[in-house]
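This is work_12.pdb (PDB, C-alpha atoms, pLDDT in the B column).
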```
ATOM      1  CA  MET A   1       0.000   0.000   0.000  1.00 48.00           C
ATOM      2  CA  SER A   2       1.209   3.572  -0.700  1.00 48.00           C
ATOM      3  CA  ASP A   3      -0.059   7.076  -0.046  1.00 50.00           C
ATOM      4  CA  THR A   4      -0.875   9.247  -3.069  1.00 48.00           C
ATOM      5  CA  SER A   5      -1.730  12.954  -3.040  1.00 49.00           C
ATOM      6  CA  ILE A   6      -3.448  14.926  -5.804  1.00 48.00           C
ATOM      7  CA  THR A   7      -3.807  18.727  -5.842  1.00 50.00           C
ATOM      8  CA  MET A   8      -7.080  19.969  -7.319  1.00 50.00           C
ATOM      9  CA  SER A   9      -8.557  23.413  -7.835  1.00 52.00           C
ATOM     10  CA  THR A  10     -11.746  24.278  -5.973  1.00 52.00           C
ATOM     11  CA  GLY A  11     -14.516  26.525  -7.187  1.00 54.00           C
ATOM     12  CA  ASN A  12     -13.157  29.584  -5.352  1.00 57.00           C
ATOM     13  CA  GLY A  13      -9.747  29.252  -7.047  1.00 55.00           C
ATOM     14  CA  LEU A  14      -7.943  27.856  -3.982  1.00 50.00           C
ATOM     15  CA  PRO A  15      -5.968  24.604  -4.323  1.00 52.00           C
ATOM     16  CA  GLU A  16      -7.170  21.563  -2.402  1.00 54.00           C
ATOM     17  CA  THR A  17      -5.081  18.448  -1.730  1.00 55.00           C
ATOM     18  CA  LEU A  18      -6.737  15.040  -1.696  1.00 48.00           C
ATOM     19  CA  SER A  19      -4.939  12.038  -0.185  1.00 50.00           C
ATOM     20  CA  PHE A  20      -5.859   8.393  -0.648  1.00 48.00           C
ATOM     21  CA  HIS A  21      -4.324   4.946  -0.445  1.00 50.00           C
ATOM     22  CA  ALA A  22      -3.275   3.262  -3.703  1.00 50.00           C
ATOM     23  CA  ALA A  23      -3.347  -0.522  -3.635  1.00 52.00           C
ATOM     24  CA  GLY A  24      -0.041  -2.131  -4.575  1.00 51.00           C
ATOM     25  CA  ASP A  25       0.567  -5.592  -5.997  1.00 51.00           C
ATOM     26  CA  TYR A  26      -0.519  -7.356  -2.839  1.00 51.00           C
ATOM     27  CA  HIS A  27      -1.761 -10.928  -3.091  1.00 52.00           C
ATOM     28  CA  PRO A  28      -2.799 -12.672   0.138  1.00 55.00           C
ATOM     29  CA  GLU A  29      -1.465 -16.231   0.058  1.00 54.00           C
ATOM     30  CA  ASN A  30      -4.239 -17.617   2.236  1.00 60.00           C
ATOM     31  CA  GLY A  31      -6.818 -16.296  -0.223  1.00 64.00           C
ATOM     32  CA  THR A  32      -5.335 -18.352  -3.067  1.00 72.00           C
ATOM     33  CA  LEU A  33      -5.127 -21.529  -1.023  1.00 75.00           C
ATOM     34  CA  LEU A  34      -8.670 -21.103   0.292  1.00 81.00           C
ATOM     35  CA  GLY A  35      -9.971 -20.541  -3.217  1.00 84.00           C
ATOM     36  CA  PHE A  36      -8.178 -23.647  -4.427  1.00 85.00           C
ATOM     37  CA  TRP A  37      -9.713 -25.699  -1.619  1.00 86.00           C
ATOM     38  CA  VAL A  38     -13.119 -24.507  -2.795  1.00 90.00           C
ATOM     39  CA  TYR A  39     -12.251 -25.665  -6.306  1.00 89.00           C
ATOM     40  CA  LEU A  40     -11.189 -29.092  -5.012  1.00 90.00           C
ATOM     41  CA  MET A  41     -14.475 -29.432  -3.157  1.00 92.00           C
ATOM     42  CA  SER A  42     -16.347 -28.715  -6.390  1.00 92.00           C
ATOM     43  CA  ASP A  43     -14.237 -31.388  -8.088  1.00 93.00           C
ATOM     44  CA  CYS A  44     -15.198 -33.776  -5.293  1.00 93.00           C
ATOM     45  CA  LEU A  45     -18.843 -33.216  -6.189  1.00 94.00           C
ATOM     46  CA  ILE A  46     -18.145 -34.005  -9.842  1.00 95.00           C
ATOM     47  CA  PHE A  47     -16.435 -37.280  -9.028  1.00 96.00           C
ATOM     48  CA  ALA A  48     -19.077 -38.139  -6.450  1.00 95.00           C
ATOM     49  CA  CYS A  49     -21.718 -37.870  -9.185  1.00 95.00           C
ATOM     50  CA  LEU A  50     -19.617 -40.020 -11.524  1.00 96.00           C
ATOM     51  CA  PHE A  51     -19.104 -42.674  -8.846  1.00 96.00           C
ATOM     52  CA  ALA A  52     -22.835 -42.651  -8.118  1.00 95.00           C
ATOM     53  CA  ALA A  53     -23.619 -43.073 -11.830  1.00 95.00           C
ATOM     54  CA  TYR A  54     -21.217 -45.989 -12.074  1.00 94.00           C
ATOM     55  CA  GLY A  55     -22.725 -47.523  -8.954  1.00 92.00           C
ATOM     56  CA  VAL A  56     -26.130 -47.501 -10.642  1.00 93.00           C
ATOM     57  CA  LEU A  57     -25.013 -48.489 -14.173  1.00 92.00           C
ATOM     58  CA  GLY A  58     -21.967 -50.640 -13.451  1.00 88.00           C
ATOM     59  CA  ARG A  59     -23.963 -53.897 -13.689  1.00 89.00           C
ATOM     60  CA  GLU A  60     -25.988 -52.968 -16.775  1.00 91.00           C
ATOM     61  CA  PHE A  61     -24.089 -54.973 -19.410  1.00 90.00           C
ATOM     62  CA  ALA A  62     -26.890 -55.129 -22.056  1.00 85.00           C
ATOM     63  CA  GLY A  63     -25.686 -58.552 -23.161  1.00 86.00           C
ATOM     64  CA  GLY A  64     -22.171 -57.212 -23.678  1.00 87.00           C
ATOM     65  CA  PRO A  65     -18.906 -57.955 -21.905  1.00 91.00           C
ATOM     66  CA  THR A  66     -18.684 -57.710 -18.138  1.00 91.00           C
ATOM     67  CA  ALA A  67     -15.960 -55.972 -16.160  1.00 90.00           C
ATOM     68  CA  ALA A  68     -14.292 -59.300 -15.378  1.00 89.00           C
ATOM     69  CA  GLU A  69     -14.103 -60.073 -19.102  1.00 90.00           C
ATOM     70  CA  VAL A  70     -12.545 -56.843 -20.362  1.00 91.00           C
ATOM     71  CA  LEU A  71     -10.583 -55.268 -17.487  1.00 91.00           C
ATOM     72  CA  GLU A  72      -6.986 -56.395 -16.975  1.00 88.00           C
ATOM     73  CA  LEU A  73      -6.086 -56.080 -13.325  1.00 89.00           C
ATOM     74  CA  PRO A  74      -2.263 -56.567 -13.664  1.00 90.00           C
ATOM     75  CA  THR A  75      -1.990 -53.645 -16.097  1.00 90.00           C
ATOM     76  CA  VAL A  76      -4.146 -51.455 -13.885  1.00 93.00           C
ATOM     77  CA  ALA A  77      -2.011 -52.394 -10.867  1.00 93.00           C
ATOM     78  CA  ILE A  78       1.083 -51.123 -12.703  1.00 95.00           C
ATOM     79  CA  ASN A  79      -0.797 -47.963 -13.613  1.00 94.00           C
ATOM     80  CA  THR A  80      -1.813 -47.459  -9.991  1.00 95.00           C
ATOM     81  CA  ALA A  81       1.773 -47.904  -8.828  1.00 96.00           C
ATOM     82  CA  LEU A  82       2.923 -45.232 -11.294  1.00 96.00           C
ATOM     83  CA  LEU A  83       0.434 -42.670 -10.053  1.00 96.00           C
ATOM     84  CA  LEU A  84       1.020 -43.354  -6.373  1.00 95.00           C
ATOM     85  CA  LEU A  85       4.785 -43.188  -6.908  1.00 97.00           C
ATOM     86  CA  SER A  86       4.340 -39.837  -8.645  1.00 96.00           C
ATOM     87  CA  SER A  87       2.662 -38.532  -5.499  1.00 95.00           C
ATOM     88  CA  ILE A  88       5.737 -39.528  -3.485  1.00 96.00           C
ATOM     89  CA  THR A  89       8.126 -37.862  -5.912  1.00 97.00           C
ATOM     90  CA  TYR A  90       6.052 -34.671  -5.830  1.00 97.00           C
ATOM     91  CA  GLY A  91       6.366 -34.769  -2.042  1.00 95.00           C
ATOM     92  CA  PHE A  92      10.147 -34.889  -2.443  1.00 97.00           C
ATOM     93  CA  ALA A  93       9.902 -31.891  -4.792  1.00 96.00           C
ATOM     94  CA  VAL A  94       7.996 -29.929  -2.136  1.00 95.00           C
ATOM     95  CA  LEU A  95      10.658 -30.767   0.456  1.00 95.00           C
ATOM     96  CA  GLU A  96      13.387 -29.481  -1.854  1.00 96.00           C
ATOM     97  CA  MET A  97      11.319 -26.361  -2.555  1.00 95.00           C
ATOM     98  CA  GLN A  98      11.097 -25.631   1.167  1.00 93.00           C
ATOM     99  CA  ARG A  99      14.901 -25.900   1.325  1.00 94.00           C
ATOM    100  CA  ASP A 100      15.237 -23.539  -1.674  1.00 92.00           C
ATOM    101  CA  ARG A 101      17.039 -26.203  -3.713  1.00 94.00           C
ATOM    102  CA  GLN A 102      15.713 -25.341  -7.135  1.00 94.00           C
ATOM    103  CA  ARG A 103      17.722 -27.830  -9.203  1.00 95.00           C
ATOM    104  CA  ALA A 104      16.809 -30.811  -7.020  1.00 96.00           C
ATOM    105  CA  MET A 105      13.197 -29.708  -6.950  1.00 96.00           C
ATOM    106  CA  MET A 106      13.077 -29.465 -10.750  1.00 96.00           C
ATOM    107  CA  THR A 107      14.511 -32.977 -11.014  1.00 97.00           C
ATOM    108  CA  TRP A 108      11.781 -34.420  -8.796  1.00 97.00           C
ATOM    109  CA  LEU A 109       9.129 -32.484 -10.704  1.00 96.00           C
ATOM    110  CA  ALA A 110      10.415 -33.912 -13.990  1.00 97.00           C
ATOM    111  CA  ILE A 111      10.249 -37.437 -12.554  1.00 97.00           C
ATOM    112  CA  THR A 112       6.710 -36.747 -11.373  1.00 97.00           C
ATOM    113  CA  GLY A 113       5.714 -35.598 -14.853  1.00 96.00           C
ATOM    114  CA  LEU A 114       7.226 -38.698 -16.461  1.00 97.00           C
ATOM    115  CA  LEU A 115       5.367 -41.000 -14.068  1.00 97.00           C
ATOM    116  CA  GLY A 116       2.140 -39.147 -14.801  1.00 96.00           C
ATOM    117  CA  ALA A 117       2.777 -39.448 -18.529  1.00 97.00           C
ATOM    118  CA  GLY A 118       3.339 -43.193 -18.096  1.00 96.00           C
ATOM    119  CA  PHE A 119       0.000 -43.430 -16.293  1.00 97.00           C
ATOM    120  CA  ILE A 120      -1.821 -41.643 -19.121  1.00 97.00           C
ATOM    121  CA  THR A 121      -0.076 -43.783 -21.751  1.00 96.00           C
ATOM    122  CA  LEU A 122      -1.214 -47.037 -20.151  1.00 95.00           C
ATOM    123  CA  GLU A 123      -4.717 -45.674 -19.702  1.00 96.00           C
ATOM    124  CA  LEU A 124      -4.964 -44.683 -23.368  1.00 96.00           C
ATOM    125  CA  ARG A 125      -3.703 -48.128 -24.376  1.00 95.00           C
ATOM    126  CA  GLU A 126      -6.426 -49.680 -22.220  1.00 95.00           C
ATOM    127  CA  PHE A 127      -9.089 -47.520 -23.884  1.00 95.00           C
ATOM    128  CA  ALA A 128      -7.763 -48.342 -27.353  1.00 95.00           C
ATOM    129  CA  HIS A 129      -7.786 -52.066 -26.554  1.00 94.00           C
ATOM    130  CA  LEU A 130     -11.373 -51.968 -25.280  1.00 95.00           C
ATOM    131  CA  ILE A 131     -12.571 -50.101 -28.358  1.00 95.00           C
ATOM    132  CA  SER A 132     -10.705 -52.510 -30.670  1.00 94.00           C
ATOM    133  CA  ILE A 133     -12.571 -55.521 -29.224  1.00 93.00           C
ATOM    134  CA  GLY A 134     -15.929 -53.830 -29.525  1.00 91.00           C
ATOM    135  CA  ALA A 135     -16.189 -52.696 -25.913  1.00 92.00           C
ATOM    136  CA  GLY A 136     -16.470 -48.982 -26.555  1.00 92.00           C
ATOM    137  CA  PRO A 137     -18.519 -46.541 -24.480  1.00 92.00           C
ATOM    138  CA  GLN A 138     -21.574 -46.964 -26.719  1.00 93.00           C
ATOM    139  CA  ARG A 139     -21.758 -50.747 -26.126  1.00 92.00           C
ATOM    140  CA  SER A 140     -23.531 -50.703 -22.757  1.00 93.00           C
ATOM    141  CA  ALA A 141     -24.385 -48.527 -19.783  1.00 94.00           C
ATOM    142  CA  PHE A 142     -21.561 -50.189 -17.853  1.00 94.00           C
ATOM    143  CA  LEU A 143     -18.977 -49.196 -20.457  1.00 95.00           C
ATOM    144  CA  SER A 144     -20.440 -45.688 -20.824  1.00 95.00           C
ATOM    145  CA  SER A 145     -20.127 -45.028 -17.094  1.00 95.00           C
ATOM    146  CA  PHE A 146     -16.680 -46.676 -17.020  1.00 95.00           C
ATOM    147  CA  PHE A 147     -15.255 -44.552 -19.823  1.00 96.00           C
ATOM    148  CA  THR A 148     -16.782 -41.394 -18.339  1.00 96.00           C
ATOM    149  CA  LEU A 149     -15.419 -41.935 -14.826  1.00 96.00           C
ATOM    150  CA  VAL A 150     -11.955 -43.167 -15.776  1.00 96.00           C
ATOM    151  CA  GLY A 151     -11.685 -40.738 -18.684  1.00 96.00           C
ATOM    152  CA  THR A 152     -12.575 -37.741 -16.504  1.00 96.00           C
ATOM    153  CA  HIS A 153      -9.848 -38.705 -14.063  1.00 96.00           C
ATOM    154  CA  GLY A 154      -7.387 -39.150 -16.923  1.00 96.00           C
ATOM    155  CA  LEU A 155      -8.294 -35.705 -18.241  1.00 96.00           C
ATOM    156  CA  HIS A 156      -7.525 -34.248 -14.811  1.00 96.00           C
ATOM    157  CA  VAL A 157      -4.141 -35.981 -14.734  1.00 97.00           C
ATOM    158  CA  SER A 158      -3.353 -34.662 -18.230  1.00 97.00           C
ATOM    159  CA  SER A 159      -4.260 -31.152 -17.064  1.00 96.00           C
ATOM    160  CA  GLY A 160      -1.995 -31.628 -14.041  1.00 96.00           C
ATOM    161  CA  ILE A 161       0.915 -32.623 -16.283  1.00 97.00           C
ATOM    162  CA  LEU A 162       0.387 -29.539 -18.458  1.00 97.00           C
ATOM    163  CA  TRP A 163       0.199 -27.370 -15.334  1.00 96.00           C
ATOM    164  CA  LEU A 164       3.410 -28.998 -14.078  1.00 97.00           C
ATOM    165  CA  ILE A 165       5.252 -28.177 -17.309  1.00 97.00           C
ATOM    166  CA  VAL A 166       4.092 -24.545 -17.178  1.00 96.00           C
ATOM    167  CA  LEU A 167       5.262 -24.202 -13.572  1.00 95.00           C
ATOM    168  CA  MET A 168       8.646 -25.706 -14.384  1.00 96.00           C
ATOM    169  CA  VAL A 169       9.080 -23.099 -17.129  1.00 96.00           C
ATOM    170  CA  GLN A 170       8.057 -20.306 -14.734  1.00 95.00           C
ATOM    171  CA  VAL A 171      10.455 -21.510 -12.042  1.00 95.00           C
ATOM    172  CA  GLY A 172      13.231 -21.776 -14.606  1.00 93.00           C
ATOM    173  CA  ARG A 173      12.680 -18.153 -15.611  1.00 93.00           C
ATOM    174  CA  LYS A 174      11.832 -16.469 -12.298  1.00 91.00           C
ATOM    175  CA  GLY A 175      13.205 -18.852  -9.678  1.00 91.00           C
ATOM    176  CA  LEU A 176      11.528 -19.902  -6.436  1.00 92.00           C
ATOM    177  CA  SER A 177       9.588 -16.718  -5.833  1.00 91.00           C
ATOM    178  CA  SER A 178       6.778 -16.630  -3.294  1.00 90.00           C
ATOM    179  CA  ALA A 179       4.218 -16.684  -6.119  1.00 90.00           C
ATOM    180  CA  ASN A 180       5.783 -19.765  -7.698  1.00 92.00           C
ATOM    181  CA  LYS A 181       5.940 -21.520  -4.344  1.00 93.00           C
ATOM    182  CA  ARG A 182       2.255 -20.796  -3.824  1.00 92.00           C
ATOM    183  CA  ARG A 183       1.434 -22.233  -7.257  1.00 92.00           C
ATOM    184  CA  LEU A 184       3.520 -25.325  -6.604  1.00 94.00           C
ATOM    185  CA  MET A 185       1.629 -25.914  -3.363  1.00 93.00           C
ATOM    186  CA  CYS A 186      -1.698 -25.618  -5.189  1.00 93.00           C
ATOM    187  CA  LEU A 187      -0.554 -28.167  -7.748  1.00 95.00           C
ATOM    188  CA  SER A 188       0.599 -30.405  -4.904  1.00 94.00           C
ATOM    189  CA  MET A 189      -2.908 -30.424  -3.435  1.00 94.00           C
ATOM    190  CA  PHE A 190      -4.377 -31.110  -6.879  1.00 95.00           C
ATOM    191  CA  TRP A 191      -1.979 -33.987  -7.558  1.00 95.00           C
ATOM    192  CA  HIS A 192      -2.571 -35.695  -4.210  1.00 95.00           C
ATOM    193  CA  PHE A 193      -6.313 -35.232  -4.681  1.00 95.00           C
ATOM    194  CA  LEU A 194      -6.120 -37.120  -7.989  1.00 95.00           C
ATOM    195  CA  ASP A 195      -4.265 -39.937  -6.241  1.00 94.00           C
ATOM    196  CA  LEU A 196      -7.048 -40.252  -3.687  1.00 94.00           C
ATOM    197  CA  VAL A 197      -9.671 -40.310  -6.435  1.00 96.00           C
ATOM    198  CA  TRP A 198      -7.745 -43.005  -8.306  1.00 96.00           C
ATOM    199  CA  VAL A 199      -7.600 -45.188  -5.194  1.00 95.00           C
ATOM    200  CA  GLY A 200     -11.386 -45.022  -5.196  1.00 94.00           C
ATOM    201  CA  VAL A 201     -11.539 -45.836  -8.913  1.00 95.00           C
ATOM    202  CA  PHE A 202      -9.148 -48.754  -8.546  1.00 94.00           C
ATOM    203  CA  SER A 203     -11.066 -50.187  -5.596  1.00 92.00           C
ATOM    204  CA  PHE A 204     -14.626 -49.509  -6.722  1.00 93.00           C
ATOM    205  CA  VAL A 205     -14.315 -50.100 -10.469  1.00 93.00           C
ATOM    206  CA  TYR A 206     -11.482 -52.532 -11.006  1.00 93.00           C
ATOM    207  CA  LEU A 207     -11.220 -54.620  -7.849  1.00 90.00           C
ATOM    208  CA  MET A 208     -14.962 -54.964  -7.295  1.00 88.00           C
ATOM    209  CA  GLY A 209     -15.509 -55.571 -11.002  1.00 83.00           C
ATOM    210  CA  VAL A 210     -12.775 -58.149 -11.620  1.00 81.00           C
ATOM    211  CA  LEU A 211     -12.448 -60.049  -8.373  1.00 74.00           C
ATOM    212  CA  PRO A 212     -15.179 -62.617  -7.604  1.00 65.00           C
TER     213      PRO A 212
END
```
For this file, write the structure as structure tokens.
Amino acid sequence: MSDTSITMSTGNGLPETLSFHAAGDYHPENGTLLGFWVYLMSDCLIFACLFAAYGVLGREFAGGPTAAEVLELPTVAINTALLLLSSITYGFAVLEMQRDRQRAMMTWLAITGLLGAGFITLELREFAHLISIGAGPQRSAFLSSFFTLVGTHGLHVSSGILWLIVLMVQVGRKGLSSANKRRLMCLSMFWHFLDLVWVGVFSFVYLMGVLP
């Protein structure tokens, strides 16, 4: 905040000085984090609706393949390990950020991005395989709800990877400023949130669908 004075002429010809406060480039950190928590809660509602839809439609096969027939649990287990490991590596990145070790932090962020990209690659291969055997989203209500739930999560992970790349470029240009640290913490919350959602997807969709 800064004080600014302006001298104006009054109607009787005498000068009059007006003083006021000019707002500077002040950004309350708690406001950003609170706003991001609100966003995450809205995302929780979206996934809650998708889980509820799958709970209702997950057994409606319409004479088509069942979950046990088309879902490959070993591949999904590898995919789950990749995403959970990426959450750990992001935690290491946050620790290095708090120590102001930019190079080490960037290394852990790059590893996190690669693990996330591996997760998306396996997920896209799973979708392509299902479509190739005639188990696309239009085949049954089960497959429609499956593709919608898993695809929405995959879209979030892809957005997180893009966000991660943008932040790495910003840190490379401007260093570990307070603004960049705040953004990295927001992405950390987003990334861990996606891990929690995936645990629910893995348990509710894959385990309950494949295991007897």
In the coordinate frame of the file, compute which residues have an atom within 10 Å of (-15.3, -57.9, -12.4) when using only C-alpha atoms, and state them as a PDB file with C-alpha atoms, in the frame of the given file.
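Output below, filename selection38.pdb:
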```pdb
ATOM      1  CA  GLY A  58     -21.967 -50.640 -13.451  1.00 88.00           C
ATOM      2  CA  ARG A  59     -23.963 -53.897 -13.689  1.00 89.00           C
ATOM      3  CA  THR A  66     -18.684 -57.710 -18.138  1.00 91.00           C
ATOM      4  CA  ALA A  67     -15.960 -55.972 -16.160  1.00 90.00           C
ATOM      5  CA  ALA A  68     -14.292 -59.300 -15.378  1.00 89.00           C
ATOM      6  CA  GLU A  69     -14.103 -60.073 -19.102  1.00 90.00           C
ATOM      7  CA  VAL A  70     -12.545 -56.843 -20.362  1.00 91.00           C
ATOM      8  CA  LEU A  71     -10.583 -55.268 -17.487  1.00 91.00           C
ATOM      9  CA  GLU A  72      -6.986 -56.395 -16.975  1.00 88.00           C
ATOM     10  CA  LEU A  73      -6.086 -56.080 -13.325  1.00 89.00           C
ATOM     11  CA  VAL A 205     -14.315 -50.100 -10.469  1.00 93.00           C
ATOM     12  CA  TYR A 206     -11.482 -52.532 -11.006  1.00 93.00           C
ATOM     13  CA  LEU A 207     -11.220 -54.620  -7.849  1.00 90.00           C
ATOM     14  CA  MET A 208     -14.962 -54.964  -7.295  1.00 88.00           C
ATOM     15  CA  GLY A 209     -15.509 -55.571 -11.002  1.00 83.00           C
ATOM     16  CA  VAL A 210     -12.775 -58.149 -11.620  1.00 81.00           C
ATOM     17  CA  LEU A 211     -12.448 -60.049  -8.373  1.00 74.00           C
ATOM     18  CA  PRO A 212     -15.179 -62.617  -7.604  1.00 65.00           C
TER      19      PRO A 212
END
```
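You can rank A:Leu187, A:Leu149, A:Ile133, A:Val169 by their closest distance to Gly64 in chain A using only C-alpha atoms, and at the top of that list sits A:Ile133.
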Counting all atoms listed in the file, the residue of A:Gly35, A:Gly172, A:Gly160, A:Gly116 that sits nearest Leu82 in chain A: A:Gly116
CA of Thr112 in chain A to CA of Leu164 in chain A, straight-line distance in Å: 8.8 Å
Residue nearest Met97 in chain A among A:Ser178, A:Ser159, A:Thr121, A:Ser145 (counting only C-alpha atoms): A:Ser178
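Proximity to Ile165 in chain A was assessed for A:Gly113, A:Pro74, A:Pro65, A:Gly134 counting all atoms listed in the file; the smallest distance is recorded for A:Gly113.
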Explicit residues for the PyMOL selection byres ((chain A and resi 39-48) around 12) (as number ranges by chain): A: 32-38, 49-55, 145, 148-153, 156, 186-194, 196-198, 200-201
d(CA of Ser140 in chain A, CA of Leu57 in chain A) in Å: 9.0 Å
12 Å contact set for Gln170 in chain A, only C-alpha atoms, chain neighbours under 2 positions out, as an MDAnalysis selection string: chainID A and resid 102 106 163:168 172:177 179:181 183:184
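Across the model, the gap from CA of Leu130 in chain A to CA of Gly154 in chain A is 15.8 Å.
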